[in-house]
Amino acid sequence: MSDSSVTNVVFGGLGGQGVLKASDILADAVVRAGFDVKKSELHGMSQRGGSVSSDVRFGTRVLSPMVPAGEADFLVILTADQVEPNRHVLRAEGKLILPDAVSVELLLNRKSLNVALLGVLSRQLPIAEEHWLAALRANLAEKLHAVNLQAFNLGRNSGKI
Amino acid sequence: MSSSERLLLSGDEAIALAARHAGVALGAGYPGTPSTEILEEFSRLGGRAQWSPNEKVALEVAIGAAFAGARAIATMKHVGLNVAADPLFTVAYTGVSGALVVISADDPGMASSQNEQDNRHYAVAAGLPMVEPSDSQEAYDLFLAAVEISEQWHLPVLYRVTTRVCHSRTIVAPRPPADAVPKADYRRDVRGRVMIPAHARPAHRRLREKLAAIAAWNETSPLNQHVVGSSPLGIITSGVAFMHAREAAPDASVLKLGLTHPLPFEKIARFVEEVEQCMVIEEGDPYLAEAIRARGIVVEAKPEMFRFGELNVNRVRRILAGDISPEPPPQPGKPPQLCEGCAHRSVFEALHKLECIVSGDIGCYTLGVLPPFDAMDTCVCMGASLGVGLGLRHTLPPEQARRVVSVIGDSTFMHSGIPGLVEMVYNPPATGHVVIILDNSTTAMTGHQEHPGTGRSLDHEVTNKIVFEDLARALGIRRVHVVEPRPGSEELERLISESLASGELCLIIARRPCILIAKQLREYEKCATVCEPVEV
């Protein structure tokens, strides 16, 4: 049911920025936290550098896999020029998380911006830190763990919305 | 909750897991969004999976396995079933000894396709039972049901999914794998398997008898769900539209059909009688609504404007409210483009500069139509670049005909380009013709799958390799050139120019690996030099 027990998160960016990876990690974390979850994305043409977005919905029971326009609680954007194509998904009181929510120069690797913004988002969601960390480890190659944990912690501890 | 009992899977992954658990002996297909990951995941889970050159061959391989008494799947995107339609219609007559599940992944809204055809019509046209899951749990459960239906009635089952089922991840609780799987064993049955007219006439009657029996079974089948609601509204639906409808109208009664051909009309009629108003909510064509109305059952169908594109919760709300006011235009995002450094770029730059009339084909390179290249004039279906280019050559005035070039990718050439090349040799245009194979050594568009021209099988192991230039020379084409398209090099442009001027039949193979997998390809090749070469 589209009741308040469902939380809607939309990620937006360009192909290659880690939009899908970020949504995979979030979806994995919410499964670990015991929620029902649905995640939706588009493959194919959208991968050739074009706009990419991914929806994650979780709660006691989720029906449609796609976040209805105007019902996103959080919109996480990986590159500033993708705000406008996605803004319509946010509900009136929804929160926009922009790339400048973290200080990019403090990242060990700038490619970890997606995970840093997940760190920012993590402060807003009812998911214990252990589930986030387990989801990060499960969805990233081992050699990327240190860089991404740094990014996640940076976003979680110093990110601003 | 233990995560080992709750897996977060895409619909494609759920189908692959179910196929493993059902003991499917062989999966064959051709890559196509949104179906590609089914066979990749089936292979990763230890199943025997292979890419065929095209969907027709894939279905035929799967038919052979099912004739042998094994369980088999063929996977493809919706337009792939057009290619496989020839065997599909007749395997409905022959039936199968084991199980055959034909998976058609439709793309309403065309996220990555050239049309949004609704393949539910194939179930009616060919006379096949059809199942439609609405999420990954159902993708898993209904696959197992499809195997049972196929074995019980010895018929192939059309398993129809859509983009949002294939590519959404939802939770799946799997069952224990099957412990007793039928073994392949040859049993001769020429009346059942050799479709000469004398055998095919009774086979058609048998097919209709089976469909009648399945229709009767479907009246009480557990594959259809009845959700009793508190409002006077009733909704008949199937596939992912069920989820949108439940969210848009949480109080409505819902008849959710899982086995959507042959339909359970008595069950539908009873449902319609029980509610005050009944609306059919379905994505794509009004297949359910028209079939139900043809039986004299009164239901409301969505307005015509909702035939186009995907459904979602807000669109279903509009349908239920009878709101046919114009919808907000989709937000313009950044369109896809050929990657920086993509080898196709220099080919399209040359074609643009030479003012060629370009008969194009299906793949990443279809993006050559966009600025700054503006170097594609037609794109119809897989392999059409050759035939369409030849037709243009035959009929245009000579000064225009001489500018026509057919451009096709390596995987697409293997898929259905070869018959076009044969056509060119057999019916050569008076002005000659120029074909360019854009050979980037992979099926790039769908996520870098192997094909017969890469010399590697689905799991990237070394196998026999089809060499395009050898094939073309064997067909009798004398002007065959292999060139590496490099930015700034004039070699390619000069070669195209000379080929156009020659008035002969020319094949140019522009060969340079896709930059996205160049590193991976070097690793495969390193392995290939260590491994024993395969003897042909």
# chains A, B, ... in the order shown; residues from 1 in each chain; ligands from 1
call {"tool": "select_by_dssp", "arguments": {"residues": "chain A", "states": "strand (DSSP E or B)", "output": "PyMOL selection string"}}
result
chain A and resi 7-14+36-41+51-59+72-77+90-97
call {"tool": "write_last_selection", "arguments": {"atoms": "C-alpha atoms", "output": "short mmCIF file (atom, residue, chain, number, x, y, z; two decimals), in the first residue's frame"}}
result
data_model
loop_
_atom_site.label_atom_id
_atom_site.label_comp_id
_atom_site.auth_asym_id
_atom_site.auth_seq_id
_atom_site.Cartn_x
_atom_site.Cartn_y
_atom_site.Cartn_z
CA THR A 7 10.17 4.91 2.32
CA ASN A 8 11.02 6.00 -1.22
CA VAL A 9 14.56 6.82 -2.34
CA VAL A 10 15.55 7.83 -5.88
CA PHE A 11 19.15 8.03 -7.09
CA GLY A 12 19.98 10.08 -10.19
CA GLY A 13 23.16 10.67 -12.17
CA LEU A 14 24.90 9.75 -15.39
CA ASP A 36 10.52 -5.66 2.40
CA VAL A 37 12.23 -3.89 -0.50
CA LYS A 38 11.87 -3.32 -4.24
CA LYS A 39 14.45 -1.71 -6.44
CA SER A 40 13.93 -0.65 -10.03
CA GLU A 41 16.26 0.61 -12.73
CA SER A 51 20.91 9.84 -17.56
CA VAL A 52 20.47 6.92 -15.18
CA SER A 53 18.13 6.71 -12.23
CA SER A 54 17.27 3.98 -9.79
CA ASP A 55 14.41 3.67 -7.33
CA VAL A 56 14.57 1.92 -3.95
CA ARG A 57 11.39 1.45 -1.91
CA PHE A 58 11.28 -0.25 1.48
CA GLY A 59 8.89 -0.79 4.34
CA ALA A 72 10.12 10.30 -3.15
CA ASP A 73 11.21 10.95 0.43
CA PHE A 74 14.85 11.31 -0.65
CA LEU A 75 16.46 12.22 -3.96
CA VAL A 76 20.21 11.51 -4.10
CA ILE A 77 21.91 13.22 -7.04
CA LEU A 90 10.36 14.42 -4.76
CA ARG A 91 7.37 15.01 -2.52
CA ALA A 92 6.90 18.52 -1.17
CA GLU A 93 8.76 17.84 2.08
CA GLY A 94 11.20 15.37 0.48
CA LYS A 95 14.94 15.82 1.03
CA LEU A 96 17.39 16.48 -1.77
CA ILE A 97 20.93 15.18 -1.24
#
call {"tool": "interface_residues", "arguments": {"of": "chain A", "to": "chain B", "cutoff": "10 Å", "atoms": "only C-alpha atoms", "output": "MDAnalysis selection string"}}
result
chainID A and resid 1:3 13:15 24 27:28 31:57 62:70 81:88
call {"tool": "residues_around", "arguments": {"residues": "segment 342-349 of chain B", "least_positions_apart": "6", "cutoff": "12 Å", "atoms": "only C-alpha atoms", "output": "PyMOL selection string"}}
result
(chain A and resi 48) or (chain B and resi 355-358+360+363-377+405-410+436-441+444+483-496+508-518)
call {"tool": "write_last_selection", "arguments": {"atoms": "C-alpha atoms", "output": "mmCIF file, in the first residue's frame"}}
result
data_model
loop_
_atom_site.group_PDB
_atom_site.id
_atom_site.type_symbol
_atom_site.label_atom_id
_atom_site.label_comp_id
_atom_site.auth_asym_id
_atom_site.auth_seq_id
_atom_site.Cartn_x
_atom_site.Cartn_y
_atom_site.Cartn_z
ATOM 1 C CA ARG A 48 26.022 4.868 -22.722
ATOM 2 C CA GLU B 355 27.615 12.216 -47.484
ATOM 3 C CA CYS B 356 26.725 8.532 -47.582
ATOM 4 C CA ILE B 357 23.159 7.236 -47.392
ATOM 5 C CA VAL B 358 23.608 4.893 -44.434
ATOM 6 C CA GLY B 360 21.944 1.145 -40.290
ATOM 7 C CA GLY B 363 23.398 -1.858 -31.533
ATOM 8 C CA CYS B 364 25.355 0.910 -29.772
ATOM 9 C CA TYR B 365 26.255 2.190 -33.210
ATOM 10 C CA THR B 366 22.625 3.141 -33.903
ATOM 11 C CA LEU B 367 23.668 6.222 -31.888
ATOM 12 C CA GLY B 368 25.494 7.250 -35.081
ATOM 13 C CA VAL B 369 22.132 8.775 -36.039
ATOM 14 C CA LEU B 370 22.605 11.531 -33.420
ATOM 15 C CA PRO B 371 24.668 14.711 -33.748
ATOM 16 C CA PRO B 372 27.505 15.342 -34.298
ATOM 17 C CA PHE B 373 27.547 12.357 -36.695
ATOM 18 C CA ASP B 374 24.061 12.476 -38.276
ATOM 19 C CA ALA B 375 25.272 9.446 -40.178
ATOM 20 C CA MET B 376 22.394 6.984 -40.236
ATOM 21 C CA ASP B 377 19.359 7.017 -42.495
ATOM 22 C CA VAL B 405 26.394 1.994 -47.454
ATOM 23 C CA SER B 406 25.140 -0.764 -45.128
ATOM 24 C CA VAL B 407 26.561 -0.569 -41.590
ATOM 25 C CA ILE B 408 26.200 -3.499 -39.184
ATOM 26 C CA GLY B 409 27.843 -4.577 -35.913
ATOM 27 C CA ASP B 410 29.755 -7.829 -35.459
ATOM 28 C CA ILE B 436 30.852 -2.063 -43.275
ATOM 29 C CA ILE B 437 31.019 -4.445 -40.313
ATOM 30 C CA LEU B 438 31.747 -2.460 -37.155
ATOM 31 C CA ASP B 439 33.659 -5.209 -35.380
ATOM 32 C CA ASN B 440 34.311 -4.287 -31.751
ATOM 33 C CA SER B 441 34.706 -7.955 -30.763
ATOM 34 C CA ALA B 444 28.446 -4.215 -26.602
ATOM 35 C CA VAL B 483 40.988 -1.782 -41.282
ATOM 36 C CA GLU B 484 41.533 -0.414 -37.789
ATOM 37 C CA PRO B 485 39.477 2.748 -37.327
ATOM 38 C CA ARG B 486 41.734 5.235 -35.529
ATOM 39 C CA PRO B 487 40.897 8.850 -34.751
ATOM 40 C CA GLY B 488 42.624 11.164 -37.204
ATOM 41 C CA SER B 489 43.562 8.362 -39.617
ATOM 42 C CA GLU B 490 42.559 8.961 -43.233
ATOM 43 C CA GLU B 491 42.910 5.299 -44.191
ATOM 44 C CA LEU B 492 39.294 4.426 -43.420
ATOM 45 C CA GLU B 493 37.836 7.407 -45.270
ATOM 46 C CA ARG B 494 40.019 6.674 -48.294
ATOM 47 C CA LEU B 495 38.976 3.019 -48.267
ATOM 48 C CA ILE B 496 35.257 3.836 -48.122
ATOM 49 C CA ILE B 508 35.017 -3.386 -45.049
ATOM 50 C CA ILE B 509 35.627 -4.810 -41.592
ATOM 51 C CA ALA B 510 36.396 -1.910 -39.237
ATOM 52 C CA ARG B 511 37.974 -3.838 -36.401
ATOM 53 C CA ARG B 512 38.881 -2.380 -33.039
ATOM 54 C CA PRO B 513 37.758 -3.758 -29.644
ATOM 55 C CA CYS B 514 35.171 -1.875 -27.588
ATOM 56 C CA ILE B 515 37.150 0.407 -25.252
ATOM 57 C CA LEU B 516 34.965 -0.576 -22.313
ATOM 58 C CA ILE B 517 36.292 -4.139 -22.372
ATOM 59 C CA ALA B 518 39.704 -3.715 -24.013
#
call {"tool": "residues_around", "arguments": {"residues": "segment 37-49 of chain B", "least_positions_apart": "6", "cutoff": "6 Å", "atoms": "only C-alpha atoms", "output": "list in words"}}
result
Asp12, Glu13, Ala16, Leu26, Gly27 and Ala28 of chain B
call {"tool": "closest_residue", "arguments": {"among": "B:Glu151, B:Asp189, B:Asp323, B:Asp86", "to": "Ala125 of chain B", "atoms": "only C-alpha atoms"}}
result
B:Asp86
call {"tool": "residues_around", "arguments": {"residues": "segment 278-294 of chain B", "least_positions_apart": "2", "cutoff": "7 Å", "atoms": "only C-alpha atoms", "output": "mmCIF file with N, CA and C atoms, in the first residue's frame"}}
result
data_model
loop_
_atom_site.group_PDB
_atom_site.id
_atom_site.type_symbol
_atom_site.label_atom_id
_atom_site.label_comp_id
_atom_site.auth_asym_id
_atom_site.auth_seq_id
_atom_site.Cartn_x
_atom_site.Cartn_y
_atom_site.Cartn_z
ATOM 1 N N PRO B 108 7.844 -2.638 -22.768
ATOM 2 C CA PRO B 108 6.888 -1.544 -22.929
ATOM 3 C C PRO B 108 7.556 -0.221 -22.556
ATOM 4 N N ASP B 118 3.605 -6.200 -28.080
ATOM 5 C CA ASP B 118 3.086 -6.911 -26.918
ATOM 6 C C ASP B 118 3.003 -8.394 -27.285
ATOM 7 N N LEU B 233 -15.232 -1.412 -6.505
ATOM 8 C CA LEU B 233 -14.425 -1.519 -7.724
ATOM 9 C C LEU B 233 -13.732 -2.874 -7.828
ATOM 10 N N GLY B 234 -13.794 -3.454 -9.025
ATOM 11 C CA GLY B 234 -13.036 -4.666 -9.303
ATOM 12 C C GLY B 234 -12.002 -4.379 -10.383
ATOM 13 N N ILE B 235 -10.825 -4.979 -10.245
ATOM 14 C CA ILE B 235 -9.763 -4.791 -11.236
ATOM 15 C C ILE B 235 -9.282 -6.154 -11.710
ATOM 16 N N ILE B 236 -9.239 -6.322 -13.023
ATOM 17 C CA ILE B 236 -8.629 -7.530 -13.602
ATOM 18 C C ILE B 236 -7.289 -7.103 -14.168
ATOM 19 N N THR B 237 -6.226 -7.831 -13.814
ATOM 20 C CA THR B 237 -4.902 -7.377 -14.195
ATOM 21 C C THR B 237 -3.934 -8.553 -14.301
ATOM 22 N N SER B 238 -2.715 -8.264 -14.794
ATOM 23 C CA SER B 238 -1.672 -9.284 -14.852
ATOM 24 C C SER B 238 -0.316 -8.584 -14.856
ATOM 25 N N ALA B 241 1.582 -4.714 -13.730
ATOM 26 C CA ALA B 241 0.434 -3.809 -13.591
ATOM 27 C C ALA B 241 -0.362 -4.142 -12.329
ATOM 28 N N VAL B 272 -16.569 -10.546 -12.263
ATOM 29 C CA VAL B 272 -17.221 -9.323 -12.763
ATOM 30 C C VAL B 272 -18.611 -9.176 -12.150
ATOM 31 N N VAL B 275 -18.540 -7.645 -8.485
ATOM 32 C CA VAL B 275 -18.177 -6.239 -8.236
ATOM 33 C C VAL B 275 -19.151 -5.326 -8.977
ATOM 34 N N GLU B 276 -19.202 -4.056 -8.546
ATOM 35 C CA GLU B 276 -20.133 -3.133 -9.190
ATOM 36 C C GLU B 276 -19.609 -2.622 -10.518
ATOM 37 N N GLY B 296 -18.485 -11.535 -24.259
ATOM 38 C CA GLY B 296 -19.734 -10.922 -23.822
ATOM 39 C C GLY B 296 -19.712 -10.497 -22.361
ATOM 40 N N ILE B 297 -18.528 -10.496 -21.755
ATOM 41 C CA ILE B 297 -18.427 -10.068 -20.351
ATOM 42 C C ILE B 297 -18.131 -8.564 -20.362
ATOM 43 N N VAL B 298 -18.888 -7.816 -19.561
ATOM 44 C CA VAL B 298 -18.784 -6.355 -19.620
ATOM 45 C C VAL B 298 -17.689 -5.863 -18.670
ATOM 46 N N VAL B 299 -16.634 -5.348 -19.247
ATOM 47 C CA VAL B 299 -15.560 -4.741 -18.452
ATOM 48 C C VAL B 299 -15.169 -3.425 -19.113
ATOM 49 N N GLU B 300 -14.548 -2.549 -18.307
ATOM 50 C CA GLU B 300 -14.041 -1.298 -18.865
ATOM 51 C C GLU B 300 -12.559 -1.457 -19.186
ATOM 52 N N ALA B 301 -12.171 -0.874 -20.316
ATOM 53 C CA ALA B 301 -10.766 -0.929 -20.720
ATOM 54 C C ALA B 301 -10.141 0.446 -20.537
ATOM 55 N N LYS B 302 -8.813 0.465 -20.454
ATOM 56 C CA LYS B 302 -8.126 1.759 -20.314
ATOM 57 C C LYS B 302 -8.304 2.578 -21.588
ATOM 58 N N ARG B 307 -2.211 2.846 -24.025
ATOM 59 C CA ARG B 307 -1.600 1.748 -24.784
ATOM 60 C C ARG B 307 -0.094 2.005 -24.903
ATOM 61 N N PHE B 308 0.265 3.291 -24.905
ATOM 62 C CA PHE B 308 1.653 3.677 -25.170
ATOM 63 C C PHE B 308 2.444 3.764 -23.872
ATOM 64 N N GLU B 310 5.064 2.544 -20.548
ATOM 65 C CA GLU B 310 4.853 1.722 -19.355
ATOM 66 C C GLU B 310 3.709 2.275 -18.528
ATOM 67 N N LEU B 311 3.122 1.405 -17.720
ATOM 68 C CA LEU B 311 2.222 1.906 -16.686
ATOM 69 C C LEU B 311 3.055 2.185 -15.433
#
call {"tool": "closest_residue", "arguments": {"among": "B:Pro328, B:Pro156, B:Pro133, B:Pro232", "to": "Leu259 of chain B", "atoms": "only C-alpha atoms"}}
result
B:Pro133
call {"tool": "closest_residue", "arguments": {"among": "A:Leu26, A:Ala128, A:Val115, A:Val19", "to": "His145 of chain A", "atoms": "only C-alpha atoms"}}
result
A:Val115
call {"tool": "select_by_dssp", "arguments": {"residues": "segment 35-239 of chain B", "states": "helix (DSSP H, G or I)", "output": "PyMOL selection string"}}
result
chain B and resi 37-44+55-67+78-83+85-94+120-126+136-153+163-166+190-193+197-218
call {"tool": "write_last_selection", "arguments": {"atoms": "C-alpha atoms", "output": "mmCIF file, in the first residue's frame"}}
result
data_model
loop_
_atom_site.group_PDB
_atom_site.id
_atom_site.type_symbol
_atom_site.label_atom_id
_atom_site.label_comp_id
_atom_site.auth_asym_id
_atom_site.auth_seq_id
_atom_site.Cartn_x
_atom_site.Cartn_y
_atom_site.Cartn_z
ATOM 1 C CA GLU B 37 20.953 -11.649 -17.522
ATOM 2 C CA ILE B 38 18.812 -14.812 -17.386
ATOM 3 C CA LEU B 39 21.328 -17.013 -19.202
ATOM 4 C CA GLU B 40 24.349 -15.234 -17.699
ATOM 5 C CA GLU B 41 23.057 -15.924 -14.202
ATOM 6 C CA PHE B 42 21.986 -19.474 -15.115
ATOM 7 C CA SER B 43 25.564 -20.106 -16.291
ATOM 8 C CA ARG B 44 27.045 -18.483 -13.166
ATOM 9 C CA GLU B 55 16.815 -16.468 -31.390
ATOM 10 C CA LYS B 56 15.522 -18.851 -34.069
ATOM 11 C CA VAL B 57 18.532 -21.101 -33.662
ATOM 12 C CA ALA B 58 18.354 -20.765 -29.872
ATOM 13 C CA LEU B 59 14.733 -21.907 -29.818
ATOM 14 C CA GLU B 60 15.527 -24.789 -32.171
ATOM 15 C CA VAL B 61 18.374 -25.949 -29.910
ATOM 16 C CA ALA B 62 16.021 -25.796 -26.924
ATOM 17 C CA ILE B 63 13.348 -27.715 -28.908
ATOM 18 C CA GLY B 64 15.896 -30.453 -29.597
ATOM 19 C CA ALA B 65 16.689 -30.716 -25.901
ATOM 20 C CA ALA B 66 12.973 -30.865 -25.042
ATOM 21 C CA PHE B 67 12.368 -33.496 -27.771
ATOM 22 C CA HIS B 78 10.332 -9.407 -27.426
ATOM 23 C CA VAL B 79 11.591 -8.655 -30.947
ATOM 24 C CA GLY B 80 13.718 -11.808 -30.756
ATOM 25 C CA LEU B 81 10.531 -13.857 -30.677
ATOM 26 C CA ASN B 82 9.735 -12.500 -34.155
ATOM 27 C CA VAL B 83 12.954 -14.127 -35.332
ATOM 28 C CA ALA B 85 8.370 -17.283 -34.580
ATOM 29 C CA ASP B 86 8.843 -19.915 -37.291
ATOM 30 C CA PRO B 87 9.811 -22.769 -34.957
ATOM 31 C CA LEU B 88 7.482 -21.414 -32.243
ATOM 32 C CA PHE B 89 4.290 -21.918 -34.249
ATOM 33 C CA THR B 90 5.113 -25.474 -35.254
ATOM 34 C CA VAL B 91 6.566 -26.678 -31.946
ATOM 35 C CA ALA B 92 3.091 -25.885 -30.605
ATOM 36 C CA TYR B 93 1.872 -28.669 -32.934
ATOM 37 C CA THR B 94 4.655 -31.163 -32.246
ATOM 38 C CA ARG B 120 0.975 -11.836 -25.422
ATOM 39 C CA HIS B 121 -0.492 -11.957 -28.929
ATOM 40 C CA TYR B 122 1.983 -14.732 -29.766
ATOM 41 C CA ALA B 123 0.391 -17.040 -27.191
ATOM 42 C CA VAL B 124 -2.946 -16.625 -28.955
ATOM 43 C CA ALA B 125 -1.531 -16.807 -32.480
ATOM 44 C CA ALA B 126 0.641 -19.879 -31.890
ATOM 45 C CA SER B 136 10.820 -11.743 -8.644
ATOM 46 C CA GLN B 137 9.074 -14.140 -6.224
ATOM 47 C CA GLU B 138 6.506 -14.880 -8.903
ATOM 48 C CA ALA B 139 9.220 -15.013 -11.550
ATOM 49 C CA TYR B 140 10.663 -17.862 -9.486
ATOM 50 C CA ASP B 141 7.375 -19.587 -8.603
ATOM 51 C CA LEU B 142 5.712 -19.256 -12.020
ATOM 52 C CA PHE B 143 8.821 -20.592 -13.757
ATOM 53 C CA LEU B 144 8.499 -23.793 -11.737
ATOM 54 C CA ALA B 145 4.778 -23.834 -12.591
ATOM 55 C CA ALA B 146 5.599 -23.335 -16.292
ATOM 56 C CA VAL B 147 7.855 -26.404 -16.224
ATOM 57 C CA GLU B 148 5.029 -28.433 -14.654
ATOM 58 C CA ILE B 149 2.487 -27.217 -17.220
ATOM 59 C CA SER B 150 4.876 -27.969 -20.069
ATOM 60 C CA GLU B 151 5.481 -31.509 -18.839
ATOM 61 C CA GLN B 152 1.861 -32.214 -17.955
ATOM 62 C CA TRP B 153 0.491 -31.210 -21.372
ATOM 63 C CA THR B 163 11.361 -4.722 -18.258
ATOM 64 C CA ARG B 164 10.127 -3.865 -14.763
ATOM 65 C CA VAL B 165 9.871 -7.523 -13.798
ATOM 66 C CA CYS B 166 13.246 -8.432 -15.350
ATOM 67 C CA VAL B 190 7.584 -39.598 -36.285
ATOM 68 C CA ARG B 191 3.857 -38.817 -36.314
ATOM 69 C CA GLY B 192 4.364 -36.404 -33.463
ATOM 70 C CA ARG B 193 7.645 -34.876 -34.547
ATOM 71 C CA PRO B 197 0.744 -32.278 -43.672
ATOM 72 C CA ALA B 198 -0.579 -35.767 -42.894
ATOM 73 C CA HIS B 199 0.934 -35.548 -39.412
ATOM 74 C CA ALA B 200 0.353 -31.820 -38.888
ATOM 75 C CA ARG B 201 -3.438 -31.968 -39.430
ATOM 76 C CA PRO B 202 -4.092 -34.251 -36.443
ATOM 77 C CA ALA B 203 -1.357 -32.383 -34.517
ATOM 78 C CA HIS B 204 -3.297 -29.127 -34.858
ATOM 79 C CA ARG B 205 -6.406 -30.839 -33.460
ATOM 80 C CA ARG B 206 -4.366 -32.258 -30.571
ATOM 81 C CA LEU B 207 -3.065 -28.766 -29.808
ATOM 82 C CA ARG B 208 -6.599 -27.331 -29.611
ATOM 83 C CA GLU B 209 -7.686 -30.222 -27.350
ATOM 84 C CA LYS B 210 -4.761 -29.537 -25.019
ATOM 85 C CA LEU B 211 -5.611 -25.825 -24.905
ATOM 86 C CA ALA B 212 -9.217 -26.643 -24.022
ATOM 87 C CA ALA B 213 -8.001 -28.892 -21.199
ATOM 88 C CA ILE B 214 -5.644 -26.164 -19.921
ATOM 89 C CA ALA B 215 -8.454 -23.588 -20.079
ATOM 90 C CA ALA B 216 -10.618 -25.866 -17.909
ATOM 91 C CA TRP B 217 -7.739 -26.394 -15.464
ATOM 92 C CA ASN B 218 -7.115 -22.643 -15.360
#
call {"tool": "residues_around", "arguments": {"residues": "Asn224 of chain B", "least_positions_apart": "6", "cutoff": "9 Å", "atoms": "only C-alpha atoms", "output": "JSON, numbers by chain"}}
result
{"B": [218, 255, 256, 257, 258, 259, 260]}
call {"tool": "residues_around", "arguments": {"residues": "Gly69 of chain B", "least_positions_apart": "2", "cutoff": "8 Å", "atoms": "only C-alpha atoms", "output": "NGL selection string"}}
result
:B and (65-67 or 71 or 96-99 or 182-186)
call {"tool": "write_last_selection", "arguments": {"atoms": "N, CA and C atoms", "output": "PDB file, in the first residue's frame"}}
result
ATOM      1  N   ALA B  65      16.491 -30.228 -27.264  1.00  0.00           N
ATOM      2  CA  ALA B  65      16.689 -30.716 -25.901  1.00  0.00           C
ATOM      3  C   ALA B  65      15.372 -31.210 -25.304  1.00  0.00           C
ATOM      4  N   ALA B  66      14.279 -30.481 -25.595  1.00  0.00           N
ATOM      5  CA  ALA B  66      12.973 -30.865 -25.042  1.00  0.00           C
ATOM      6  C   ALA B  66      12.401 -32.089 -25.769  1.00  0.00           C
ATOM      7  N   PHE B  67      12.731 -32.249 -27.056  1.00  0.00           N
ATOM      8  CA  PHE B  67      12.368 -33.496 -27.771  1.00  0.00           C
ATOM      9  C   PHE B  67      13.091 -34.680 -27.131  1.00  0.00           C
ATOM     10  N   ARG B  71      14.614 -30.843 -19.733  1.00  0.00           N
ATOM     11  CA  ARG B  71      13.981 -29.554 -19.488  1.00  0.00           C
ATOM     12  C   ARG B  71      14.870 -28.481 -20.111  1.00  0.00           C
ATOM     13  N   VAL B  96       6.328 -31.337 -26.956  1.00  0.00           N
ATOM     14  CA  VAL B  96       7.667 -31.741 -26.517  1.00  0.00           C
ATOM     15  C   VAL B  96       7.554 -32.947 -25.598  1.00  0.00           C
ATOM     16  N   SER B  97       8.666 -33.658 -25.437  1.00  0.00           N
ATOM     17  CA  SER B  97       8.681 -34.808 -24.517  1.00  0.00           C
ATOM     18  C   SER B  97       9.024 -34.350 -23.108  1.00  0.00           C
ATOM     19  N   GLY B  98      10.007 -33.453 -23.003  1.00  0.00           N
ATOM     20  CA  GLY B  98      10.396 -32.930 -21.693  1.00  0.00           C
ATOM     21  C   GLY B  98       9.642 -31.645 -21.420  1.00  0.00           C
ATOM     22  N   ALA B  99      10.364 -30.605 -20.968  1.00  0.00           N
ATOM     23  CA  ALA B  99       9.737 -29.301 -20.734  1.00  0.00           C
ATOM     24  C   ALA B  99      10.442 -28.270 -21.592  1.00  0.00           C
ATOM     25  N   PRO B 182      13.779 -35.474 -15.008  1.00  0.00           N
ATOM     26  CA  PRO B 182      13.760 -36.471 -16.092  1.00  0.00           C
ATOM     27  C   PRO B 182      15.072 -36.473 -16.864  1.00  0.00           C
ATOM     28  N   LYS B 183      15.529 -37.651 -17.214  1.00  0.00           N
ATOM     29  CA  LYS B 183      16.775 -37.784 -17.980  1.00  0.00           C
ATOM     30  C   LYS B 183      16.460 -37.822 -19.468  1.00  0.00           C
ATOM     31  N   ALA B 184      17.370 -37.262 -20.281  1.00  0.00           N
ATOM     32  CA  ALA B 184      17.194 -37.304 -21.732  1.00  0.00           C
ATOM     33  C   ALA B 184      17.278 -38.745 -22.216  1.00  0.00           C
ATOM     34  N   ASP B 185      16.347 -39.107 -23.107  1.00  0.00           N
ATOM     35  CA  ASP B 185      16.324 -40.477 -23.611  1.00  0.00           C
ATOM     36  C   ASP B 185      15.537 -40.458 -24.921  1.00  0.00           C
ATOM     37  N   TYR B 186      16.120 -40.937 -26.014  1.00  0.00           N
ATOM     38  CA  TYR B 186      15.459 -40.806 -27.314  1.00  0.00           C
ATOM     39  C   TYR B 186      14.318 -41.793 -27.489  1.00  0.00           C
TER      40      TYR B 186
END
